[in-house]
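Chemist: This is query.txt, which holds compact mmCIF, C-alpha atoms:
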```txt
# COMPACT_ATOMS: atom_id res chain seq x y z
CA MET A 1 -23.44 -10.30 -21.54
CA SER A 2 -21.81 -7.31 -23.22
CA GLU A 3 -23.53 -5.47 -26.04
CA ALA A 4 -22.34 -5.85 -29.62
CA PRO A 5 -20.77 -2.68 -31.01
CA GLN A 6 -23.23 -0.71 -33.11
CA HIS A 7 -22.84 2.48 -35.08
CA SER A 8 -25.02 5.37 -33.95
CA ARG A 9 -26.52 7.97 -36.20
CA LYS A 10 -24.93 11.38 -36.15
CA SER A 11 -26.55 13.48 -33.44
CA ALA A 12 -28.18 16.79 -34.14
CA ASN A 13 -27.02 19.95 -32.40
CA GLY A 14 -27.87 19.90 -28.70
CA GLU A 15 -28.39 16.11 -28.56
CA ASP A 16 -26.39 13.52 -26.69
CA SER A 17 -24.57 10.93 -28.74
CA ILE A 18 -23.24 7.45 -28.03
CA TYR A 19 -20.82 5.79 -30.42
CA TRP A 20 -18.33 2.92 -30.57
CA ASP A 21 -14.69 4.00 -30.45
CA LYS A 22 -12.64 1.22 -32.02
CA SER A 23 -9.31 2.67 -30.88
CA LYS A 24 -10.42 2.56 -27.23
CA ASN A 25 -12.47 -0.63 -27.58
CA ARG A 26 -15.35 0.94 -25.69
CA TYR A 27 -18.45 3.09 -26.11
CA VAL A 28 -18.16 6.85 -25.81
CA GLY A 29 -20.97 9.24 -24.92
CA ALA A 30 -20.87 12.99 -25.49
CA VAL A 31 -22.99 15.95 -24.43
CA SER A 32 -23.08 18.90 -26.82
CA LEU A 33 -22.75 22.26 -25.02
CA GLY A 34 -22.17 24.56 -27.98
CA TYR A 35 -18.92 26.44 -28.46
CA THR A 36 -16.42 28.31 -26.33
CA PRO A 37 -15.66 32.01 -27.03
CA ALA A 38 -12.57 30.79 -28.88
CA GLY A 39 -14.74 28.73 -31.21
CA LYS A 40 -13.83 25.32 -29.75
CA ARG A 41 -16.70 22.88 -29.53
CA ARG A 42 -17.61 21.89 -25.98
CA ARG A 43 -18.47 18.20 -25.83
CA PRO A 44 -17.79 16.62 -22.40
CA LYS A 45 -17.43 12.86 -22.85
CA VAL A 46 -17.79 9.67 -20.86
CA SER A 47 -16.90 6.09 -21.76
CA GLY A 48 -17.87 2.57 -20.79
CA LYS A 49 -17.99 -1.05 -21.86
CA THR A 50 -21.71 -0.99 -22.72
CA LYS A 51 -24.25 1.53 -23.96
CA THR A 52 -26.21 1.06 -20.75
CA GLU A 53 -23.17 2.03 -18.67
CA VAL A 54 -22.54 5.08 -20.86
CA ARG A 55 -26.19 6.19 -20.65
CA GLY A 56 -25.95 6.09 -16.87
CA LYS A 57 -22.77 8.15 -16.89
CA LEU A 58 -24.31 10.66 -19.29
CA LYS A 59 -27.28 11.04 -16.99
CA GLU A 60 -25.00 11.78 -14.03
CA LEU A 61 -22.91 14.14 -16.13
CA LYS A 62 -25.94 16.17 -17.22
CA LYS A 63 -27.19 16.30 -13.64
CA GLU A 64 -23.85 17.80 -12.56
CA LEU A 65 -23.83 20.24 -15.46
CA GLU A 66 -27.33 21.41 -14.54
CA SER A 67 -26.45 21.86 -10.86
CA GLY A 68 -25.57 25.49 -11.45
CA VAL A 69 -22.14 25.37 -9.79
CA LYS A 70 -19.95 28.18 -11.07
CA ALA A 71 -16.51 26.63 -11.44
CA PRO A 72 -13.56 29.06 -11.36
CA ALA A 73 -12.18 29.49 -14.86
CA ASN A 74 -8.52 29.35 -13.81
CA TYR A 75 -8.62 26.54 -11.24
CA LEU A 76 -5.87 24.17 -12.41
CA VAL A 77 -5.40 20.44 -11.89
CA SER A 78 -2.15 21.13 -10.04
CA ARG A 79 -4.02 23.36 -7.58
CA ALA A 80 -6.67 20.69 -7.02
CA VAL A 81 -3.98 18.15 -6.17
CA GLN A 82 -2.21 20.60 -3.85
CA ASP A 83 -5.46 21.42 -2.06
CA TRP A 84 -6.28 17.75 -1.55
CA PHE A 85 -2.87 17.06 -0.01
CA ALA A 86 -3.24 20.11 2.24
CA GLN A 87 -6.83 19.53 3.37
CA GLY A 88 -8.07 16.08 2.36
CA PHE A 89 -5.08 13.87 3.10
CA LYS A 90 -4.65 14.57 6.80
CA GLY A 91 -3.94 11.86 9.36
CA ARG A 92 -1.87 9.62 7.09
CA ASP A 93 1.51 8.29 8.11
CA VAL A 94 4.59 10.07 6.77
CA GLY A 95 5.53 7.18 4.49
CA SER A 96 2.16 7.16 2.71
CA ILE A 97 2.19 10.93 2.23
CA LYS A 98 5.68 10.78 0.76
CA THR A 99 4.71 7.99 -1.65
CA TYR A 100 1.54 9.71 -2.85
CA ARG A 101 3.27 13.07 -3.24
CA SER A 102 6.01 11.45 -5.30
CA LEU A 103 3.44 9.84 -7.63
CA ALA A 104 1.57 13.13 -8.02
CA ASN A 105 4.73 15.16 -8.61
CA ASN A 106 6.06 12.72 -11.20
CA HIS A 107 2.95 11.62 -13.07
CA ILE A 108 0.08 14.07 -12.57
CA THR A 109 1.46 17.58 -12.21
CA PRO A 110 3.94 17.42 -15.15
CA ASP A 111 1.32 16.03 -17.54
CA LEU A 112 -1.98 17.54 -16.41
CA GLY A 113 -1.08 20.21 -13.89
CA SER A 114 -1.44 23.20 -16.19
CA ALA A 115 -4.86 22.12 -17.49
CA LYS A 116 -7.94 24.02 -16.32
CA LEU A 117 -9.95 21.58 -14.27
CA ARG A 118 -13.34 22.56 -15.70
CA ASP A 119 -12.04 22.03 -19.27
CA LEU A 120 -10.52 18.60 -18.60
CA GLU A 121 -12.25 15.90 -20.64
CA ALA A 122 -12.41 12.11 -20.56
CA ASP A 123 -10.52 11.90 -23.86
CA ASP A 124 -7.62 13.79 -22.30
CA LEU A 125 -7.47 11.36 -19.41
CA ASP A 126 -7.86 8.29 -21.64
CA GLU A 127 -4.82 9.34 -23.64
CA TRP A 128 -2.86 10.16 -20.48
CA LEU A 129 -3.68 6.80 -18.88
CA GLU A 130 -2.69 4.87 -22.01
CA VAL A 131 0.74 6.51 -21.91
CA LYS A 132 1.15 5.90 -18.17
CA ALA A 133 0.09 2.25 -18.53
CA LYS A 134 3.23 1.65 -20.60
CA VAL A 135 5.62 2.77 -17.85
CA LEU A 136 3.83 2.27 -14.51
CA SER A 137 3.05 -0.94 -12.67
CA ASP A 138 -0.62 -1.78 -12.37
CA GLU A 139 -0.57 -0.89 -8.66
CA SER A 140 1.15 2.47 -9.27
CA LEU A 141 -1.29 3.31 -12.07
CA LYS A 142 -4.16 2.51 -9.72
CA ARG A 143 -2.74 4.88 -7.10
CA VAL A 144 -2.11 7.68 -9.57
CA LEU A 145 -5.69 7.59 -10.86
CA SER A 146 -6.95 7.40 -7.28
CA ILE A 147 -5.00 10.57 -6.39
CA LEU A 148 -6.54 12.41 -9.34
CA ARG A 149 -10.07 11.19 -8.60
CA ARG A 150 -9.85 12.12 -4.94
CA SER A 151 -8.30 15.51 -5.70
CA ILE A 152 -11.13 16.37 -8.09
CA ALA A 153 -13.73 15.03 -5.64
CA HIS A 154 -12.24 17.32 -3.01
CA ALA A 155 -12.55 20.25 -5.44
CA GLN A 156 -16.14 19.23 -6.25
CA ARG A 157 -17.16 19.38 -2.60
CA ARG A 158 -15.87 22.94 -2.48
CA GLY A 159 -17.64 24.11 -5.62
CA LYS A 160 -14.48 24.37 -7.70
CA VAL A 161 -15.71 22.07 -10.46
CA THR A 162 -19.07 20.65 -11.55
CA ARG A 163 -18.05 17.07 -12.30
CA ASN A 164 -15.34 14.55 -11.55
CA VAL A 165 -14.12 13.69 -15.02
CA ALA A 166 -11.66 11.15 -13.57
CA GLU A 167 -14.64 9.03 -12.49
CA LEU A 168 -15.77 8.79 -16.10
CA VAL A 169 -12.74 6.92 -17.43
CA GLU A 170 -11.60 3.34 -17.02
CA ARG A 171 -8.12 2.44 -15.90
CA PRO A 172 -6.14 0.35 -18.41
CA GLU A 173 -3.94 -2.45 -17.18
CA GLY A 174 -0.47 -1.31 -16.16
CA GLN A 175 2.81 -3.18 -16.23
CA PRO A 176 3.23 -6.27 -14.03
CA GLY A 177 4.96 -5.45 -10.76
CA ARG A 178 8.29 -6.90 -9.73
CA PRO A 179 7.70 -10.42 -8.40
CA SER A 180 8.63 -10.99 -4.77
CA LYS A 181 11.59 -13.20 -3.96
CA SER A 182 12.39 -15.44 -1.03
CA LEU A 183 15.66 -16.23 0.69
CA THR A 184 16.88 -19.79 0.43
CA LEU A 185 17.77 -21.53 3.68
CA GLU A 186 21.49 -20.96 3.07
CA GLN A 187 20.91 -17.28 2.28
CA ALA A 188 18.80 -16.92 5.42
CA LYS A 189 21.57 -18.45 7.55
CA ALA A 190 24.11 -16.08 5.99
CA VAL A 191 21.85 -13.11 6.79
CA LEU A 192 21.48 -14.21 10.42
CA ARG A 193 25.26 -14.42 10.89
CA VAL A 194 26.14 -10.78 10.17
CA LYS A 195 25.82 -7.51 12.10
CA GLN A 196 24.95 -9.36 15.29
CA GLY A 197 24.32 -7.00 18.19
CA THR A 198 22.85 -4.25 15.99
CA TRP A 199 19.22 -3.18 15.81
CA ILE A 200 18.95 -4.23 12.16
CA HIS A 201 20.10 -7.74 13.04
CA ALA A 202 17.42 -7.99 15.74
CA TYR A 203 14.87 -6.55 13.31
CA VAL A 204 15.75 -9.11 10.62
CA VAL A 205 15.68 -11.99 13.11
CA LEU A 206 12.21 -10.99 14.28
CA ALA A 207 10.85 -10.53 10.73
CA LEU A 208 12.46 -13.62 9.23
CA LEU A 209 11.81 -16.09 12.04
CA VAL A 210 8.47 -14.80 13.36
CA GLY A 211 6.87 -13.37 10.20
CA VAL A 212 6.14 -9.87 11.48
CA ARG A 213 5.30 -7.30 8.78
CA THR A 214 7.74 -4.44 8.35
CA GLU A 215 5.11 -1.83 9.36
CA GLU A 216 4.32 -3.94 12.44
CA ALA A 217 7.97 -4.21 13.47
CA ARG A 218 8.52 -0.47 13.10
CA ALA A 219 5.62 0.27 15.48
CA LEU A 220 6.41 -2.52 17.95
CA THR A 221 6.92 -1.51 21.60
CA TRP A 222 8.63 -3.42 24.40
CA SER A 223 5.32 -3.69 26.25
CA HIS A 224 4.23 -6.11 23.50
CA VAL A 225 7.39 -8.22 23.62
CA HIS A 226 7.23 -10.87 26.36
CA LEU A 227 10.62 -12.49 26.91
CA LEU A 228 10.03 -14.27 30.24
CA GLU A 229 8.89 -17.87 30.19
CA THR A 230 6.56 -19.24 32.83
CA GLU A 231 5.08 -22.65 33.42
CA ASP A 232 2.10 -21.81 31.20
CA ILE A 233 3.35 -19.09 28.86
CA ARG A 234 6.18 -19.19 26.33
CA PRO A 235 8.00 -16.00 25.24
CA HIS A 236 5.90 -14.29 22.57
CA VAL A 237 5.25 -11.04 20.74
CA ASP A 238 1.86 -9.32 20.51
CA VAL A 239 1.48 -8.02 16.96
CA TRP A 240 -1.32 -5.58 17.70
CA ARG A 241 -0.05 -2.31 16.24
CA SER A 242 1.47 -0.95 13.02
CA VAL A 243 2.51 2.34 11.45
CA ARG A 244 -0.73 2.42 9.44
CA ARG A 245 -3.29 5.16 10.01
CA HIS A 246 -4.61 5.13 13.59
CA GLY A 247 -1.96 2.48 14.45
CA ASP A 248 -4.11 -0.41 13.27
CA THR A 249 -2.75 -3.63 11.82
CA LYS A 250 -3.55 -4.39 8.18
CA THR A 251 -6.74 -6.31 9.07
CA ARG A 252 -8.53 -7.40 12.23
CA LYS A 253 -7.12 -10.90 11.76
CA SER A 254 -3.63 -9.44 11.60
CA ARG A 255 -3.86 -8.83 15.35
CA ARG A 256 -2.20 -11.91 16.75
CA SER A 257 0.21 -13.17 19.41
CA LEU A 258 3.13 -15.23 18.14
CA VAL A 259 5.43 -17.46 20.16
CA MET A 260 9.09 -16.67 19.43
CA PRO A 261 11.59 -19.36 18.44
CA HIS A 262 14.41 -19.85 20.98
CA GLN A 263 16.94 -18.08 18.75
CA VAL A 264 14.71 -15.01 18.53
CA VAL A 265 14.26 -14.93 22.31
CA ASP A 266 18.04 -15.00 22.83
CA VAL A 267 18.64 -12.23 20.29
CA MET A 268 15.87 -10.01 21.65
CA LYS A 269 17.03 -10.46 25.26
CA GLU A 270 20.58 -9.39 24.38
CA TYR A 271 19.32 -6.51 22.23
CA LYS A 272 17.14 -5.29 25.10
CA ARG A 273 20.07 -5.47 27.53
CA GLN A 274 22.14 -3.35 25.13
CA GLN A 275 19.41 -0.71 24.90
CA GLU A 276 19.13 -0.55 28.68
CA ARG A 277 22.91 -0.22 29.11
CA VAL A 278 22.93 2.75 26.73
CA LEU A 279 19.88 4.44 28.26
CA GLY A 280 20.75 3.61 31.86
CA HIS A 281 17.20 2.52 32.70
CA PRO A 282 14.63 -0.16 31.71
CA VAL A 283 13.24 0.29 28.19
CA SER A 284 9.53 0.75 27.58
CA GLY A 285 9.13 2.51 24.24
CA LEU A 286 9.75 1.46 20.67
CA VAL A 287 11.75 -1.69 20.11
CA PHE A 288 13.50 -0.28 17.02
CA PRO A 289 13.58 3.51 17.56
CA SER A 290 15.45 5.95 15.32
CA GLU A 291 18.34 8.04 16.60
CA THR A 292 15.75 10.63 17.65
CA SER A 293 13.63 8.01 19.49
CA GLU A 294 10.91 8.13 16.81
CA GLN A 295 9.52 5.43 14.55
CA ARG A 296 11.94 4.53 11.81
CA SER A 297 10.85 5.24 8.25
CA SER A 298 10.54 2.43 5.73
CA THR A 299 13.39 4.04 3.78
CA ASN A 300 15.69 3.89 6.80
CA VAL A 301 14.88 0.23 7.38
CA LEU A 302 15.42 -0.60 3.71
CA ARG A 303 18.80 1.15 3.62
CA ASN A 304 20.03 -0.70 6.70
CA PHE A 305 18.62 -4.03 5.48
CA ARG A 306 20.49 -3.75 2.20
CA SER A 307 23.65 -2.87 4.10
CA LEU A 308 23.19 -6.09 6.08
CA LEU A 309 22.71 -8.08 2.86
CA ARG A 310 25.91 -6.56 1.49
CA ALA A 311 27.75 -7.69 4.62
CA ALA A 312 26.27 -11.17 4.13
CA GLY A 313 27.83 -11.40 0.67
CA PHE A 314 24.81 -10.61 -1.55
CA GLU A 315 26.00 -9.37 -4.96
CA ASN A 316 22.95 -7.19 -5.66
CA PRO A 317 21.37 -6.17 -2.33
CA GLU A 318 19.48 -3.33 -4.06
CA GLU A 319 17.30 -6.00 -5.70
CA TRP A 320 15.85 -6.98 -2.30
CA THR A 321 13.30 -5.24 -0.06
CA SER A 322 12.66 -5.69 3.66
CA ARG A 323 9.14 -6.96 2.86
CA GLU A 324 10.74 -10.06 1.35
CA LEU A 325 11.77 -11.20 4.81
CA ARG A 326 8.10 -12.05 5.28
CA THR A 327 7.82 -13.94 1.97
CA SER A 328 10.98 -15.80 2.99
CA PHE A 329 9.36 -16.72 6.31
CA VAL A 330 6.39 -18.21 4.45
CA SER A 331 8.62 -19.98 1.94
CA LEU A 332 10.84 -21.54 4.61
CA LEU A 333 7.82 -22.82 6.55
CA SER A 334 6.28 -24.21 3.36
CA ASP A 335 9.52 -25.98 2.43
CA HIS A 336 9.45 -27.51 5.91
CA ARG A 337 6.01 -29.00 5.08
CA VAL A 338 4.06 -26.76 7.45
CA PRO A 339 0.41 -26.78 6.22
CA ILE A 340 -0.59 -23.65 4.35
CA GLU A 341 -3.57 -23.16 6.69
CA VAL A 342 -1.16 -22.94 9.62
CA ILE A 343 1.16 -20.53 7.79
CA ALA A 344 -1.77 -18.27 6.90
CA ARG A 345 -2.87 -18.15 10.53
CA VAL A 346 0.64 -17.35 11.77
CA VAL A 347 1.10 -14.47 9.34
CA GLY A 348 -2.35 -13.08 10.14
CA HIS A 349 -4.22 -13.95 6.97
CA SER A 350 -6.87 -16.13 8.62
CA GLY A 351 -7.75 -17.95 11.82
CA SER A 352 -10.62 -19.02 14.04
CA ALA A 353 -12.79 -16.26 15.49
CA THR A 354 -12.08 -17.43 19.05
CA THR A 355 -8.30 -17.34 18.89
CA GLU A 356 -8.26 -14.11 16.85
CA THR A 357 -10.52 -12.13 19.20
CA VAL A 358 -8.94 -9.90 21.83
CA TYR A 359 -10.72 -9.81 25.20
CA ARG A 360 -9.96 -7.12 27.72
CA LYS A 361 -7.90 -8.36 30.68
CA GLN A 362 -7.61 -11.80 29.13
CA LEU A 363 -4.46 -13.40 27.81
CA ARG A 364 -4.66 -13.86 24.07
CA PRO A 365 -3.85 -17.40 22.80
CA ALA A 366 -0.34 -17.34 21.33
CA ILE A 367 0.23 -19.13 18.03
CA THR A 368 3.07 -21.64 18.47
CA GLU A 369 3.32 -23.52 15.17
CA GLY A 370 5.64 -21.03 13.44
CA ALA A 371 8.04 -20.91 16.37
CA GLU A 372 8.22 -24.69 16.62
CA ALA A 373 8.94 -25.01 12.90
CA MET A 374 11.61 -22.29 12.95
CA ASP A 375 13.31 -23.90 15.97
CA GLU A 376 13.54 -27.05 13.86
CA ILE A 377 14.67 -25.28 10.67
CA PHE A 378 17.34 -23.22 12.45
CA LYS A 379 18.15 -25.77 15.14
CA THR A 380 21.83 -24.88 14.95
CA GLY A 381 21.05 -21.18 15.49
CA GLY A 382 22.00 -20.25 11.91
CA SER A 383 25.71 -20.07 12.78
CA ASP A 384 26.95 -23.42 11.53
```
Starting from the file, give its structure as structure tokens.
Modeler:
Amino acid sequence: MSEAPQHSRKSANGEDSIYWDKSKNRYVGAVSLGYTPAGKRRRPKVSGKTKTEVRGKLKELKKELESGVKAPANYLVSRAVQDWFAQGFKGRDVGSIKTYRSLANNHITPDLGSAKLRDLEADDLDEWLEVKAKVLSDESLKRVLSILRRSIAHAQRRGKVTRNVAELVERPEGQPGRPSKSLTLEQAKAVLRVKQGTWIHAYVVLALLVGVRTEEARALTWSHVHLLETEDIRPHVDVWRSVRRHGDTKTRKSRRSLVMPHQVVDVMKEYKRQQERVLGHPVSGLVFPSETSEQRSSTNVLRNFRSLLRAAGFENPEEWTSRELRTSFVSLLSDHRVPIEVIARVVGHSGSATTETVYRKQLRPAITEGAEAMDEIFKTGGSD
């Protein structure tokens, strides 16, 4: 149960104070540290929903202030962010680095970059976050604050600042993100009819009819695509890798083997034959390589996907993203009365421990329900 707002007495010099700030709808705690040479009062602040929370933050703040760390006077926020990207953000994929740098360059450096890190206060960040909450989605606001917190934490570990002021503020709620859309059956059929024979057509077929995530498709190799059918095994794709850090899929349960609908098998066989004709030898690397034989960027995939939508007659292809192929996959299966538990298992959201566990030198059980449903949904091959 939250505490009722109460007014605190005015604190004497050198004392801590906790008071209710009506404009922020939260309690604020301040530590009095005297005055700067310029005559400005030094009162580092923290905030929280309850007095108890604020007392705890004040205790941590005073502990940091008493640690004796000599923070450089001219170490700026912009430098802290640059140092974190250079030293603390290693090992990330190119797409993530580009996204985070863009957020920092557009929302942190212009607003806070010239501020001295040791002089930055919670009030400054509260005001900054309130402004950003009016223009950024909730997810983007979360990332921006995370960048700042991690940049300051990186500076803390190197003795550049005594406290992480970004940990002392609460993130307001940002703007709602753009809702995802799904292709209708007729739109899906139109998409499957265009640019046949190209890599983007094969990519869309795999994503739309099998439910593979875009980061999984970009990292997919031919060694994980099994196109031959035997008496016991249907053609399937092993979704075991992605472009995420260390090549892992989104979660452990995202590692799955999915049987491919007949239409997908036909498209992938022809696409593979085309690759081998161009290369002059059997393929073994990435299924959807760039012109330089590297993993395609998400931007490259998006640009080609929207070009395909334009060819399919979409009036506003820029309103669609490649990730919506996956939401369309789920929507089409749901419309076909496939149980939600089955859909969740196919897309890697859940599943039994036995079928989701990978054993060395053992064939992983392939999930067939999605393929069977898509064979029924697109029984004419999408070209009627």
Chemist: Can you work out the spacing between CA of Asp123 in chain A and CA of Leu76 in chain A in Å, to one decimal?
Modeler: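 Separation of CA of Asp123 in chain A and CA of Leu76 in chain A: 17.4 Å.
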Chemist: Show me, as a list in words, the residues that have an atom within 8 Å of Lys45 in chain A when counting all atoms listed in the file, minus same-chain residues fewer than 3 positions from it.
Modeler: Val28, Gly29, Ala30, Val31, Glu121, Ala122 and Asp123 of chain A
Chemist: Distance CA of Gln263 in chain A-CA of Gly197 in chain A, one decimal place?
Modeler: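 Between CA of Gln263 in chain A and CA of Gly197 in chain A the gap is 13.3 Å.
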Chemist: Can you tell me how far CA of Phe89 in chain A sits from CA of Arg326 in chain A, in Å to one decimal?
Modeler: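 CA of Phe89 in chain A sits 29.2 Å away from CA of Arg326 in chain A.
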Chemist: Restricting the calculation to all atoms listed in the file, which member of A:Ala153, A:Leu208, A:Thr99, A:Thr52 is positioned closest to Ser182 in chain A?
Modeler: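 Using all atoms listed in the file, the shortest distance to Ser182 in chain A belongs to A:Leu208.
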Chemist: In terms of the shortest atom-to-atom distance over all atoms listed in the file, which of A:Ala217, A:Val135, A:Ile152, A:Leu120 is closest to Asn164 in chain A?
Modeler: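 The shortest atom-to-atom distance to Asn164 in chain A comes from A:Ile152.
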Chemist: Specify the axis-aligned box that encloses all atoms of range 103-106 of chain A listed in the file after padding of 5 Å on each side, stating its centre and edge lengths in Å to one decimal as AutoDock Vina command-line options.
Modeler:
```
--center_x 3.8 --center_y 12.5 --center_z -9.4 --size_x 14.5 --size_y 15.3 --size_z 13.6
```
Chemist: Using only C-alpha atoms, which of the listed residues (A:Arg171, A:Asp335, A:Val191, A:Thr221) sits closest to Gly313 in chain A?
Modeler: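 Under the stated criterion, the closest residue is A:Val191.
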Chemist: Residues near Trp222 in chain A, anyone? I mean within 12 Å using all atoms listed in the file, not counting same-chain ones fewer than 3 positions away, as a PyMOL selection string.
Modeler: chain A and resi 217-219+225-227+236-239+241+268-269+271-272+275-276+282-289
Chemist: Neighbourhood query: residues within 12 Å of (-0.8, 1.2, -17.0), file coordinates, counting all atoms listed in the file; return as a ChimeraX atom specification.
Modeler: /A:107,126-145,170-177
Chemist: Take the residues just selected and output them with C-alpha atoms as a PDB file, in the frame of the given file.
Modeler:
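Full text of out.pdb as output:
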```pdb
ATOM      1  CA  HIS A 107       2.950  11.620 -13.070  1.00  0.00           C
ATOM      2  CA  ASP A 126      -7.860   8.290 -21.640  1.00  0.00           C
ATOM      3  CA  GLU A 127      -4.820   9.340 -23.640  1.00  0.00           C
ATOM      4  CA  TRP A 128      -2.860  10.160 -20.480  1.00  0.00           C
ATOM      5  CA  LEU A 129      -3.680   6.800 -18.880  1.00  0.00           C
ATOM      6  CA  GLU A 130      -2.690   4.870 -22.010  1.00  0.00           C
ATOM      7  CA  VAL A 131       0.740   6.510 -21.910  1.00  0.00           C
ATOM      8  CA  LYS A 132       1.150   5.900 -18.170  1.00  0.00           C
ATOM      9  CA  ALA A 133       0.090   2.250 -18.530  1.00  0.00           C
ATOM     10  CA  LYS A 134       3.230   1.650 -20.600  1.00  0.00           C
ATOM     11  CA  VAL A 135       5.620   2.770 -17.850  1.00  0.00           C
ATOM     12  CA  LEU A 136       3.830   2.270 -14.510  1.00  0.00           C
ATOM     13  CA  SER A 137       3.050  -0.940 -12.670  1.00  0.00           C
ATOM     14  CA  ASP A 138      -0.620  -1.780 -12.370  1.00  0.00           C
ATOM     15  CA  GLU A 139      -0.570  -0.890  -8.660  1.00  0.00           C
ATOM     16  CA  SER A 140       1.150   2.470  -9.270  1.00  0.00           C
ATOM     17  CA  LEU A 141      -1.290   3.310 -12.070  1.00  0.00           C
ATOM     18  CA  LYS A 142      -4.160   2.510  -9.720  1.00  0.00           C
ATOM     19  CA  ARG A 143      -2.740   4.880  -7.100  1.00  0.00           C
ATOM     20  CA  VAL A 144      -2.110   7.680  -9.570  1.00  0.00           C
ATOM     21  CA  LEU A 145      -5.690   7.590 -10.860  1.00  0.00           C
ATOM     22  CA  GLU A 170     -11.600   3.340 -17.020  1.00  0.00           C
ATOM     23  CA  ARG A 171      -8.120   2.440 -15.900  1.00  0.00           C
ATOM     24  CA  PRO A 172      -6.140   0.350 -18.410  1.00  0.00           C
ATOM     25  CA  GLU A 173      -3.940  -2.450 -17.180  1.00  0.00           C
ATOM     26  CA  GLY A 174      -0.470  -1.310 -16.160  1.00  0.00           C
ATOM     27  CA  GLN A 175       2.810  -3.180 -16.230  1.00  0.00           C
ATOM     28  CA  PRO A 176       3.230  -6.270 -14.030  1.00  0.00           C
ATOM     29  CA  GLY A 177       4.960  -5.450 -10.760  1.00  0.00           C
TER      30      GLY A 177
END
```
Chemist: Set the distance at 12 Å and use all atoms listed in the file: which residues neighbour Arg101 in chain A once local chain neighbours fewer than 6 positions away are removed? I'd like the list as a ChimeraX atom specification.
Modeler: /A:78,81-82,84-86,89,94-95,107-109,143-144,147-148
Chemist: Output as an mmCIF file, keeping the file's coordinate frame: range 211-225 of chain A, completed with N, CA and C atoms.
Modeler:
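The file below, out35.cif, is the result:
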```cif
data_model
loop_
_atom_site.group_PDB
_atom_site.id
_atom_site.type_symbol
_atom_site.label_atom_id
_atom_site.label_comp_id
_atom_site.auth_asym_id
_atom_site.auth_seq_id
_atom_site.Cartn_x
_atom_site.Cartn_y
_atom_site.Cartn_z
ATOM 1 N N GLY A 211 7.818 -13.732 11.247
ATOM 2 C CA GLY A 211 6.870 -13.370 10.200
ATOM 3 C C GLY A 211 6.164 -12.052 10.409
ATOM 4 N N VAL A 212 6.737 -11.171 11.207
ATOM 5 C CA VAL A 212 6.140 -9.870 11.480
ATOM 6 C C VAL A 212 6.283 -8.971 10.260
ATOM 7 N N ARG A 213 5.230 -8.252 9.891
ATOM 8 C CA ARG A 213 5.300 -7.300 8.780
ATOM 9 C C ARG A 213 6.230 -6.146 9.126
ATOM 10 N N THR A 214 6.804 -5.528 8.087
ATOM 11 C CA THR A 214 7.740 -4.440 8.350
ATOM 12 C C THR A 214 7.064 -3.267 9.050
ATOM 13 N N GLU A 215 5.792 -2.938 8.690
ATOM 14 C CA GLU A 215 5.110 -1.830 9.360
ATOM 15 C C GLU A 215 4.732 -2.191 10.801
ATOM 16 N N GLU A 216 4.603 -3.492 11.079
ATOM 17 C CA GLU A 216 4.320 -3.940 12.440
ATOM 18 C C GLU A 216 5.567 -3.861 13.302
ATOM 19 N N ALA A 217 6.711 -4.243 12.734
ATOM 20 C CA ALA A 217 7.970 -4.210 13.470
ATOM 21 C C ALA A 217 8.378 -2.774 13.801
ATOM 22 N N ARG A 218 8.149 -1.858 12.874
ATOM 23 C CA ARG A 218 8.520 -0.470 13.100
ATOM 24 C C ARG A 218 7.719 0.162 14.222
ATOM 25 N N ALA A 219 6.482 -0.299 14.436
ATOM 26 C CA ALA A 219 5.620 0.270 15.480
ATOM 27 C C ALA A 219 5.665 -0.527 16.779
ATOM 28 N N LEU A 220 6.393 -1.626 16.794
ATOM 29 C CA LEU A 220 6.410 -2.520 17.950
ATOM 30 C C LEU A 220 7.026 -1.851 19.185
ATOM 31 N N THR A 221 6.389 -2.036 20.350
ATOM 32 C CA THR A 221 6.920 -1.510 21.600
ATOM 33 C C THR A 221 7.295 -2.665 22.528
ATOM 34 N N TRP A 222 8.161 -2.375 23.486
ATOM 35 C CA TRP A 222 8.630 -3.420 24.400
ATOM 36 C C TRP A 222 7.496 -3.976 25.259
ATOM 37 N N SER A 223 6.447 -3.196 25.454
ATOM 38 C CA SER A 223 5.320 -3.690 26.250
ATOM 39 C C SER A 223 4.602 -4.853 25.560
ATOM 40 N N HIS A 224 4.833 -5.015 24.256
ATOM 41 C CA HIS A 224 4.230 -6.110 23.500
ATOM 42 C C HIS A 224 5.199 -7.239 23.204
ATOM 43 N N VAL A 225 6.393 -7.155 23.782
ATOM 44 C CA VAL A 225 7.390 -8.220 23.620
ATOM 45 C C VAL A 225 7.582 -8.888 24.977
#
```
